[in-house]
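Data file: my_file38.cif. Format and content: mmCIF, C-alpha atoms.
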data_protein
loop_
_atom_site.label_atom_id
_atom_site.label_comp_id
_atom_site.auth_asym_id
_atom_site.auth_seq_id
_atom_site.Cartn_x
_atom_site.Cartn_y
_atom_site.Cartn_z
CA MET A 32 -22.19 7.69 -0.63
CA HIS A 33 -20.04 7.81 2.49
CA THR A 34 -17.07 5.46 2.07
CA ARG A 35 -14.34 4.57 4.55
CA ILE A 36 -11.26 2.48 3.69
CA ALA A 37 -8.46 1.46 6.06
CA GLN A 38 -5.07 1.28 4.34
CA ILE A 39 -2.51 -0.93 6.09
CA THR A 40 1.07 -1.30 4.94
CA ASP A 41 4.57 -2.60 5.69
CA LEU A 42 3.64 -5.30 8.18
CA HIS A 43 7.07 -7.03 8.08
CA LEU A 44 5.69 -10.06 9.89
CA LEU A 45 7.74 -12.85 11.49
CA SER A 46 6.90 -16.26 12.88
CA PRO A 47 5.11 -16.00 16.25
CA GLY A 48 7.39 -15.14 19.15
CA ASN A 49 10.09 -13.41 17.08
CA MET A 50 11.00 -9.74 17.29
CA LEU A 51 12.18 -7.29 14.62
CA MET A 52 14.55 -4.59 15.88
CA ASP A 53 13.17 -5.09 19.39
CA ILE A 54 9.54 -4.65 18.37
CA ASP A 55 6.76 -7.23 18.21
CA VAL A 56 5.59 -6.68 14.65
CA ASN A 57 2.87 -9.33 14.90
CA ALA A 58 1.33 -7.74 17.99
CA ARG A 59 1.53 -4.30 16.37
CA LEU A 60 -0.40 -5.55 13.36
CA GLN A 61 -3.09 -7.06 15.57
CA SER A 62 -3.52 -3.80 17.45
CA VAL A 63 -3.98 -1.96 14.13
CA LEU A 64 -6.52 -4.49 12.89
CA ASP A 65 -8.46 -4.23 16.16
CA HIS A 66 -8.45 -0.43 16.07
CA ALA A 67 -9.34 -0.15 12.39
CA SER A 68 -12.21 -2.60 12.70
CA GLU A 69 -13.76 -0.43 15.43
CA ASN A 70 -14.09 2.31 12.81
CA ASN A 71 -16.11 -0.07 10.63
CA PRO A 72 -14.46 0.58 7.25
CA ASP A 73 -16.14 -0.58 4.05
CA ALA A 74 -12.91 -2.28 2.95
CA TYR A 75 -9.21 -2.71 3.70
CA PHE A 76 -6.31 -2.03 1.34
CA LEU A 77 -3.05 -3.84 2.21
CA THR A 78 -0.15 -2.32 0.31
CA GLY A 79 2.69 -4.76 0.67
CA ASP A 80 5.75 -5.93 2.55
CA PHE A 81 3.94 -8.63 4.47
CA CYS A 82 7.20 -10.45 5.28
CA ALA A 83 10.03 -9.01 7.35
CA GLN A 84 12.91 -10.15 5.18
CA ASP A 85 12.78 -12.85 2.51
CA PRO A 86 9.26 -14.07 1.65
CA VAL A 87 8.04 -17.05 3.70
CA GLN A 88 4.94 -18.96 2.62
CA GLU A 89 3.87 -19.64 6.20
CA ILE A 90 3.72 -15.90 6.95
CA TYR A 91 1.00 -15.46 4.32
CA HIS A 92 -0.92 -18.45 5.67
CA GLN A 93 -0.56 -16.95 9.16
CA LEU A 94 -1.93 -13.62 7.93
CA ARG A 95 -4.97 -14.84 6.05
CA PRO A 96 -7.17 -15.82 9.02
CA LEU A 97 -6.47 -12.44 10.65
CA LEU A 98 -7.78 -10.66 7.56
CA ASP A 99 -10.70 -13.04 7.04
CA ALA A 100 -11.78 -12.37 10.63
CA LEU A 101 -12.32 -8.68 9.80
CA GLY A 102 -15.53 -9.62 8.03
CA LYS A 103 -15.03 -7.00 5.30
CA PRO A 104 -13.54 -7.10 1.79
CA TYR A 105 -9.78 -6.67 1.65
CA TYR A 106 -7.51 -6.14 -1.33
CA ILE A 107 -3.79 -6.83 -1.63
CA THR A 108 -0.84 -5.53 -3.60
CA PRO A 109 2.68 -6.91 -2.98
CA GLY A 110 5.80 -5.07 -1.89
CA ASN A 111 9.48 -5.67 -2.46
CA HIS A 112 9.66 -8.15 0.45
CA ASP A 113 6.88 -10.29 -1.03
CA ASP A 114 6.53 -13.21 -3.42
CA ARG A 115 3.63 -13.07 -5.86
CA GLY A 116 3.30 -16.83 -6.12
CA MET A 117 3.19 -17.25 -2.35
CA LEU A 118 0.53 -14.55 -2.07
CA ARG A 119 -1.52 -16.32 -4.74
CA ASN A 120 -1.24 -19.61 -2.88
CA ALA A 121 -2.44 -18.13 0.41
CA PHE A 122 -5.16 -15.78 -0.86
CA TYR A 123 -6.31 -17.57 -4.04
CA LEU A 124 -5.53 -14.53 -6.18
CA ASP A 125 -6.00 -14.51 -9.95
CA GLY A 126 -3.04 -15.07 -12.26
CA HIS A 127 -0.10 -17.44 -12.17
CA ASN A 128 3.25 -17.62 -10.40
CA ASP A 129 5.23 -14.36 -10.77
CA GLU A 130 2.70 -12.47 -12.91
CA PRO A 131 1.95 -8.99 -11.51
CA ILE A 132 -1.02 -8.78 -9.15
CA LYS A 133 -3.02 -5.91 -10.63
CA GLY A 134 -6.59 -4.98 -11.39
CA LEU A 135 -9.63 -2.79 -10.87
CA VAL A 136 -11.18 -2.64 -7.40
CA ARG A 137 -14.53 -0.97 -6.78
CA VAL A 138 -15.65 0.07 -3.28
CA ASN A 139 -19.15 1.50 -3.27
CA ASN A 140 -19.09 4.04 -6.11
CA LEU A 141 -15.30 4.54 -6.10
CA ASP A 142 -12.78 2.98 -8.50
CA PHE A 143 -9.18 2.03 -7.69
CA LEU A 144 -6.48 0.69 -10.01
CA PHE A 145 -4.06 -1.61 -8.20
CA ILE A 146 -0.53 -1.71 -9.67
CA ASP A 147 2.18 -4.21 -8.73
CA SER A 148 5.62 -2.70 -7.98
CA ALA A 149 7.01 -5.71 -6.10
CA HIS A 150 10.14 -5.81 -8.29
CA GLY A 151 10.85 -2.12 -7.78
CA VAL A 152 9.52 -1.21 -11.24
CA VAL A 153 6.18 -1.18 -13.03
CA ASP A 154 6.84 -3.42 -16.04
CA LYS A 155 5.89 -2.68 -19.66
CA GLU A 156 2.93 -5.09 -19.65
CA GLN A 157 1.39 -3.32 -16.67
CA LEU A 158 1.97 0.06 -18.30
CA VAL A 159 0.04 -1.06 -21.38
CA TRP A 160 -2.79 -2.23 -19.12
CA LEU A 161 -2.74 0.97 -17.05
CA ARG A 162 -2.81 3.22 -20.10
CA LYS A 163 -6.05 1.58 -21.22
CA ALA A 164 -7.55 1.26 -17.72
CA ILE A 165 -7.03 4.92 -16.92
CA THR A 166 -8.97 5.95 -20.02
CA LEU A 167 -11.84 3.62 -19.04
CA TYR A 168 -11.77 4.71 -15.38
CA PRO A 169 -10.38 8.27 -15.45
CA ARG A 170 -11.58 9.05 -11.92
CA ALA A 171 -9.86 6.01 -10.40
CA ALA A 172 -7.25 6.40 -7.68
CA ILE A 173 -4.02 4.38 -7.88
CA VAL A 174 -2.96 1.88 -5.21
CA MET A 175 0.62 0.54 -5.15
CA HIS A 176 3.46 -0.26 -2.77
CA HIS A 177 6.12 2.22 -3.94
CA PRO A 178 5.44 5.94 -4.25
CA PRO A 179 6.09 6.95 -7.88
CA VAL A 180 7.73 10.29 -6.97
CA PRO A 181 10.33 11.42 -4.40
CA MET A 182 8.70 11.93 -1.01
CA GLY A 183 11.39 13.87 0.86
CA VAL A 184 12.38 10.82 2.90
CA ARG A 185 16.13 10.90 2.35
CA PHE A 186 17.18 7.31 3.02
CA MET A 187 14.34 5.73 1.04
CA ASP A 188 14.38 8.27 -1.80
CA ASN A 189 18.10 7.63 -2.30
CA LYS A 190 18.34 3.89 -1.62
CA TYR A 191 15.01 2.25 -2.49
CA PRO A 192 12.94 4.39 -4.87
CA LEU A 193 10.67 3.08 -7.60
CA ARG A 194 12.83 2.78 -10.72
CA GLU A 195 12.14 3.68 -14.35
CA THR A 196 9.21 5.95 -13.55
CA GLU A 197 9.19 8.14 -16.68
CA ASP A 198 6.54 6.19 -18.64
CA LEU A 199 4.45 5.57 -15.53
CA LEU A 200 4.38 9.25 -14.61
CA HIS A 201 3.53 10.19 -18.19
CA ILE A 202 0.45 7.95 -18.05
CA LEU A 203 -0.58 9.32 -14.65
CA THR A 204 -0.09 13.00 -15.49
CA SER A 205 -0.69 13.43 -19.24
CA ASP A 206 -4.47 13.97 -18.95
CA GLY A 207 -3.98 16.61 -16.24
CA ARG A 208 -6.78 15.12 -14.15
CA ARG A 209 -6.32 15.41 -10.40
CA ARG A 210 -5.47 11.90 -9.24
CA ARG A 211 -4.80 10.35 -5.82
CA ILE A 212 -2.19 7.67 -5.24
CA PHE A 213 -2.13 5.54 -2.09
CA CYS A 214 1.15 3.80 -1.29
CA GLY A 215 3.51 2.67 1.47
CA HIS A 216 7.14 1.44 1.44
CA PHE A 217 8.76 4.52 3.01
CA HIS A 218 7.86 3.73 6.65
CA THR A 219 6.54 7.18 7.50
CA SER A 220 3.47 9.28 6.74
CA ARG A 221 3.04 12.33 4.53
CA THR A 222 1.23 13.72 1.49
CA VAL A 223 3.15 15.10 -1.50
CA GLU A 224 1.77 17.04 -4.48
CA HIS A 225 3.40 16.39 -7.86
CA GLU A 226 1.83 18.06 -10.90
CA ASN A 227 -1.75 16.72 -10.91
CA LEU A 228 -0.92 13.90 -8.47
CA GLN A 229 -1.62 13.82 -4.76
CA VAL A 230 0.50 11.02 -3.27
CA HIS A 231 -0.55 9.73 0.16
CA LEU A 232 2.06 7.79 2.11
CA CYS A 233 0.58 5.34 4.62
CA PRO A 234 2.40 4.89 7.95
CA PRO A 235 3.54 1.34 8.77
CA THR A 236 2.29 -1.13 11.31
CA SER A 237 5.91 -2.18 11.90
CA PHE A 238 8.91 0.17 12.29
CA PHE A 239 9.27 3.83 11.35
CA ILE A 240 12.19 5.47 9.51
CA LYS A 241 13.43 8.98 10.33
CA PRO A 242 12.65 11.05 7.22
CA THR A 243 15.52 13.53 7.63
CA ALA A 244 18.28 10.91 8.07
CA ASP A 245 20.62 10.06 5.17
CA ASP A 246 21.15 6.55 6.54
CA PHE A 247 18.68 4.13 8.08
CA GLU A 248 17.55 5.41 11.47
CA GLN A 249 14.60 3.94 13.31
CA VAL A 250 12.04 6.20 14.99
CA ILE A 251 10.01 4.78 17.87
CA LEU A 252 6.33 5.47 17.16
CA PRO A 253 3.13 3.48 17.77
CA PRO A 254 1.83 1.23 14.98
CA ALA A 255 -0.35 3.09 12.53
CA TYR A 256 -2.54 2.98 9.46
CA LEU A 257 -4.23 5.44 7.10
CA MET A 258 -7.98 5.94 7.29
CA LEU A 259 -9.33 7.12 3.94
CA GLU A 260 -12.75 8.72 3.99
CA TRP A 261 -15.01 10.08 1.26
CA THR A 262 -18.01 11.99 2.63
CA GLU A 263 -21.48 12.24 1.14
CA GLY A 264 -20.80 15.93 0.56
CA GLY A 265 -17.82 15.17 -1.67
CA ASP A 266 -15.01 15.89 0.80
CA PHE A 267 -12.01 13.58 1.13
CA ARG A 268 -9.86 12.94 4.20
CA ALA A 269 -6.71 10.86 4.66
CA VAL A 270 -6.07 10.52 8.39
CA PRO A 271 -2.87 8.89 9.71
CA THR A 272 -4.12 6.95 12.74
CA TYR A 273 -1.68 5.91 15.48
CA VAL A 274 -2.68 3.11 17.82
CA PRO A 275 -1.57 3.56 21.48
#
Mind turning this structure into structure tokens?
Amino acid sequence: MHTRIAQITDLHLLSPGNMLMDIDVNARLQSVLDHASENNPDAYFLTGDFCAQDPVQEIYHQLRPLLDALGKPYYITPGNHDDRGMLRNAFYLDGHNDEPIKGLVRVNNLDFLFIDSAHGVVDKEQLVWLRKAITLYPRAAIVMHHPPVPMGVRFMDNKYPLRETEDLLHILTSDGRRRRIFCGHFHTSRTVEHENLQVHLCPPTSFFIKPTADDFEQVILPPAYLMLEWTEGGDFRAVPTYVP
């Protein structure tokens, strides 16, 4: 079955009328949503950092009608700028308060395991769940905010990596099965191979970071998203899509 999923990440939204580093992050998100919807995806994956700085409940309430208007299923995992309880309040997600937002998502005949790395780690309880889930759904791809391996983006690899990754990587690599991971957080786009893992980094709707810089350096690029496509013939494509 032909399946198309639009991954959208690192929105960094503000209240209407405000700018972030001289860019209109809200308008950039809307342009991405408009463009992605024209491609008629089967679903949308939103991989975190919905708020620009500290989490604000109103930002999530502001976002929900934009996503509902897409008319397609959408699935959410939080980032390090998000609050799990606020997300639950706005989107009526399962669980309570600060519990991780995780679970199995099925789109057509494809399985995805969503992991919550909002606190910069994948906690022990999630690891227990993942170890079991990955045996039940061995062909599932992983969806999370942080990439679990270094991505060659100097500032983010050094300053804001996912922490305590040894047990997580053991679970993801010990069966040797080729496995895709879809993530964001690093504010650029690339694909990195690590053992049996193929890690796809989604470009942001908000600001871009220069990958070769040791300190934070913004790069001016159009807002973007990642179009994931599985063809009927069994091919897979991950296409970074920049919106003029």
Enumerate, in order of chain and increasing residue number, the residues of range 199-253 of chain A with an atom no farther than 12 Å from range 145-159 of chain A, each with its shortest atom pair and distance in Å to one decimal, counting only C-alpha atoms, as a Markdown table.
| residue | atom | partner | partner_atom | distance |
| --- | --- | --- | --- | --- |
| A:Leu199 | CA | A:Leu158 | CA | 6.6 |
| A:Leu200 | CA | A:Leu158 | CA | 10.2 |
| A:His201 | CA | A:Leu158 | CA | 10.3 |
| A:Ile202 | CA | A:Leu158 | CA | 8.0 |
| A:Leu203 | CA | A:Leu158 | CA | 10.3 |
| A:Ile212 | CA | A:Phe145 | CA | 9.9 |
| A:Phe213 | CA | A:Phe145 | CA | 9.6 |
| A:Cys214 | CA | A:Ile146 | CA | 10.2 |
| A:Gly215 | CA | A:Ser148 | CA | 11.1 |
| A:His216 | CA | A:Ala149 | CA | 10.4 |
Problem set entry | Separation of CA of Thr272 in chain A from CA of Lys241 in chain A, in Å and rounded to one decimal |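 Taking CA of Thr272 in chain A as the start and CA of Lys241 in chain A as the end point, the length is 17.8 Å.
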For this session: Evaluate the PyMOL selection byres ((chain A and resi 93-109) around 9) here and jot the selected residues down as a ChimeraX atom specification.
Result: /A:44,46,61,64-65,68,71-81,88-92,110-115,118,121-122,131-133,136,145-149,174-176
For this session: Could you tell me how far CA of His66 in chain A lies from CA of His33 in chain A, in Å and to one decimal?
Result: 19.7 Å
For this session: Kindly resolve the PyMOL selection byres ((chain A and resi 271) around 9) on the present coordinates and return the residues as a ChimeraX atom specification.
Result: /A:220-221,233-234,255-259,269-270,272-273
Expected file: the selected residues, C-alpha atoms, as a PDB file, in the frame of the given file:
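Wrote selection_32.pdb, looks like this:
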ATOM      1  CA  SER A 220       3.470   9.280   6.740  1.00  0.00           C
ATOM      2  CA  ARG A 221       3.040  12.330   4.530  1.00  0.00           C
ATOM      3  CA  CYS A 233       0.580   5.340   4.620  1.00  0.00           C
ATOM      4  CA  PRO A 234       2.400   4.890   7.950  1.00  0.00           C
ATOM      5  CA  ALA A 255      -0.350   3.090  12.530  1.00  0.00           C
ATOM      6  CA  TYR A 256      -2.540   2.980   9.460  1.00  0.00           C
ATOM      7  CA  LEU A 257      -4.230   5.440   7.100  1.00  0.00           C
ATOM      8  CA  MET A 258      -7.980   5.940   7.290  1.00  0.00           C
ATOM      9  CA  LEU A 259      -9.330   7.120   3.940  1.00  0.00           C
ATOM     10  CA  ALA A 269      -6.710  10.860   4.660  1.00  0.00           C
ATOM     11  CA  VAL A 270      -6.070  10.520   8.390  1.00  0.00           C
ATOM     12  CA  THR A 272      -4.120   6.950  12.740  1.00  0.00           C
ATOM     13  CA  TYR A 273      -1.680   5.910  15.480  1.00  0.00           C
TER      14      TYR A 273
END
Problem set entry | Atomic distance CA of Val87 in chain A - CA of Asp188 in chain A, expressed in Å with one decimal |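 Calculated distance between CA of Val87 in chain A and CA of Asp188 in chain A is 26.7 Å.
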Problem set entry | Phe267 in chain A environment, 12 Å, all atoms listed in the file, sequence neighbours closer than 3 positions dropped, as a VMD selection string | chain A and resid 32 to 36 211 229 258 to 264 270
Problem set entry | Using all atoms listed in the file: which of A:Arg170, A:His225, A:His177, A:His43 has the shortest distance to Phe143 in chain A |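 Of A:Arg170, A:His225, A:His177, A:His43, the one nearest Phe143 in chain A, counting all atoms listed in the file, is A:Arg170.
For the choices A:Pro47, A:Pro86, A:Gly207, A:Pro242, the atom-to-atom distance to Met117 in chain A is smallest for A:Pro86 when using only C-alpha atoms.
Within 8 Å of the point (10.5, 10.2, -9.4) in file coordinates, and counting all atoms listed in the file, lie the residues Pro179, Val180, Pro181, Pro192, Leu193, Arg194, Thr196 and Glu197 of chain A.
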For this session: Rank A:Ala37, A:Ala83, A:Ile251, A:Leu161 by their smallest atom-to-atom distance to Val138 in chain A, using all atoms listed in the file, and report the top residue only.
Result: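 Answer, going by the shortest atom-to-atom distance: A:Ala37.
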Exercise. What lies within 9 Å of Arg210 in chain A using only C-alpha atoms, ignoring chain neighbours under 6 positions off, as a count of residues only?
Worked result: 11
Problem set entry | Residues near Asp246 in chain A, cut-off 10 Å, all atoms listed in the file, skip fewer than 6 positions along chain, as a ChimeraX atom specification | /A:185-187,189-190,240
Could N, CA, C and O atoms be built for range 63-84 of chain A and written out as an mmCIF file, in the frame of the given file?
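That gives us selection.cif:
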data_model
loop_
_atom_site.group_PDB
_atom_site.id
_atom_site.type_symbol
_atom_site.label_atom_id
_atom_site.label_comp_id
_atom_site.auth_asym_id
_atom_site.auth_seq_id
_atom_site.Cartn_x
_atom_site.Cartn_y
_atom_site.Cartn_z
ATOM 1 N N VAL A 63 -3.455 -2.784 15.228
ATOM 2 C CA VAL A 63 -3.980 -1.960 14.130
ATOM 3 C C VAL A 63 -5.277 -2.553 13.590
ATOM 4 O O VAL A 63 -6.253 -1.826 13.356
ATOM 5 N N LEU A 64 -5.296 -3.854 13.392
ATOM 6 C CA LEU A 64 -6.520 -4.490 12.890
ATOM 7 C C LEU A 64 -7.682 -4.286 13.858
ATOM 8 O O LEU A 64 -8.807 -3.990 13.441
ATOM 9 N N ASP A 65 -7.411 -4.422 15.153
ATOM 10 C CA ASP A 65 -8.460 -4.230 16.160
ATOM 11 C C ASP A 65 -8.985 -2.798 16.125
ATOM 12 O O ASP A 65 -10.199 -2.561 16.181
ATOM 13 N N HIS A 66 -8.064 -1.842 16.056
ATOM 14 C CA HIS A 66 -8.450 -0.430 16.070
ATOM 15 C C HIS A 66 -9.212 -0.058 14.809
ATOM 16 O O HIS A 66 -10.261 0.606 14.865
ATOM 17 N N ALA A 67 -8.693 -0.494 13.659
ATOM 18 C CA ALA A 67 -9.340 -0.150 12.390
ATOM 19 C C ALA A 67 -10.736 -0.735 12.307
ATOM 20 O O ALA A 67 -11.670 -0.080 11.817
ATOM 21 N N SER A 68 -10.900 -1.960 12.798
ATOM 22 C CA SER A 68 -12.210 -2.600 12.700
ATOM 23 C C SER A 68 -13.259 -1.869 13.538
ATOM 24 O O SER A 68 -14.450 -1.882 13.201
ATOM 25 N N GLU A 69 -12.827 -1.212 14.616
ATOM 26 C CA GLU A 69 -13.760 -0.430 15.430
ATOM 27 C C GLU A 69 -14.341 0.746 14.659
ATOM 28 O O GLU A 69 -15.433 1.228 14.982
ATOM 29 N N ASN A 70 -13.608 1.207 13.645
ATOM 30 C CA ASN A 70 -14.090 2.310 12.810
ATOM 31 C C ASN A 70 -14.977 1.837 11.666
ATOM 32 O O ASN A 70 -15.439 2.652 10.861
ATOM 33 N N ASN A 71 -15.170 0.518 11.581
ATOM 34 C CA ASN A 71 -16.110 -0.070 10.630
ATOM 35 C C ASN A 71 -15.891 0.388 9.184
ATOM 36 O O ASN A 71 -16.813 0.917 8.540
ATOM 37 N N PRO A 72 -14.682 0.182 8.648
ATOM 38 C CA PRO A 72 -14.460 0.580 7.250
ATOM 39 C C PRO A 72 -15.239 -0.310 6.283
ATOM 40 O O PRO A 72 -15.599 -1.448 6.620
ATOM 41 N N ASP A 73 -15.469 0.212 5.093
ATOM 42 C CA ASP A 73 -16.140 -0.580 4.050
ATOM 43 C C ASP A 73 -15.197 -1.627 3.461
ATOM 44 O O ASP A 73 -15.654 -2.640 2.935
ATOM 45 N N ALA A 74 -13.884 -1.359 3.510
ATOM 46 C CA ALA A 74 -12.910 -2.280 2.950
ATOM 47 C C ALA A 74 -11.537 -1.965 3.525
ATOM 48 O O ALA A 74 -11.327 -0.915 4.167
ATOM 49 N N TYR A 75 -10.602 -2.878 3.293
ATOM 50 C CA TYR A 75 -9.210 -2.710 3.700
ATOM 51 C C TYR A 75 -8.319 -2.838 2.471
ATOM 52 O O TYR A 75 -8.522 -3.727 1.645
ATOM 53 N N PHE A 76 -7.340 -1.932 2.364
ATOM 54 C CA PHE A 76 -6.310 -2.030 1.340
ATOM 55 C C PHE A 76 -4.995 -2.371 2.045
ATOM 56 O O PHE A 76 -4.577 -1.639 2.967
ATOM 57 N N LEU A 77 -4.338 -3.440 1.633
ATOM 58 C CA LEU A 77 -3.050 -3.840 2.210
ATOM 59 C C LEU A 77 -1.983 -3.685 1.133
ATOM 60 O O LEU A 77 -2.001 -4.388 0.116
ATOM 61 N N THR A 78 -1.052 -2.747 1.376
ATOM 62 C CA THR A 78 -0.150 -2.320 0.310
ATOM 63 C C THR A 78 1.283 -2.810 0.482
ATOM 64 O O THR A 78 2.235 -2.073 0.267
ATOM 65 N N GLY A 79 1.425 -4.078 0.862
ATOM 66 C CA GLY A 79 2.690 -4.760 0.670
ATOM 67 C C GLY A 79 3.658 -4.817 1.826
ATOM 68 O O GLY A 79 3.460 -4.236 2.885
ATOM 69 N N ASP A 80 4.730 -5.568 1.575
ATOM 70 C CA ASP A 80 5.750 -5.930 2.550
ATOM 71 C C ASP A 80 5.129 -6.650 3.744
ATOM 72 O O ASP A 80 5.190 -6.205 4.896
ATOM 73 N N PHE A 81 4.544 -7.800 3.437
ATOM 74 C CA PHE A 81 3.940 -8.630 4.470
ATOM 75 C C PHE A 81 4.995 -9.391 5.267
ATOM 76 O O PHE A 81 4.795 -9.701 6.442
ATOM 77 N N CYS A 82 6.125 -9.705 4.620
ATOM 78 C CA CYS A 82 7.200 -10.450 5.280
ATOM 79 C C CYS A 82 8.312 -9.506 5.714
ATOM 80 O O CYS A 82 8.557 -8.483 5.075
ATOM 81 N N ALA A 83 9.003 -9.886 6.776
ATOM 82 C CA ALA A 83 10.030 -9.010 7.350
ATOM 83 C C ALA A 83 11.278 -8.950 6.484
ATOM 84 O O ALA A 83 11.876 -7.895 6.317
ATOM 85 N N GLN A 84 11.674 -10.102 5.967
ATOM 86 C CA GLN A 84 12.910 -10.150 5.180
ATOM 87 C C GLN A 84 12.609 -10.873 3.874
ATOM 88 O O GLN A 84 11.910 -10.343 3.025
#
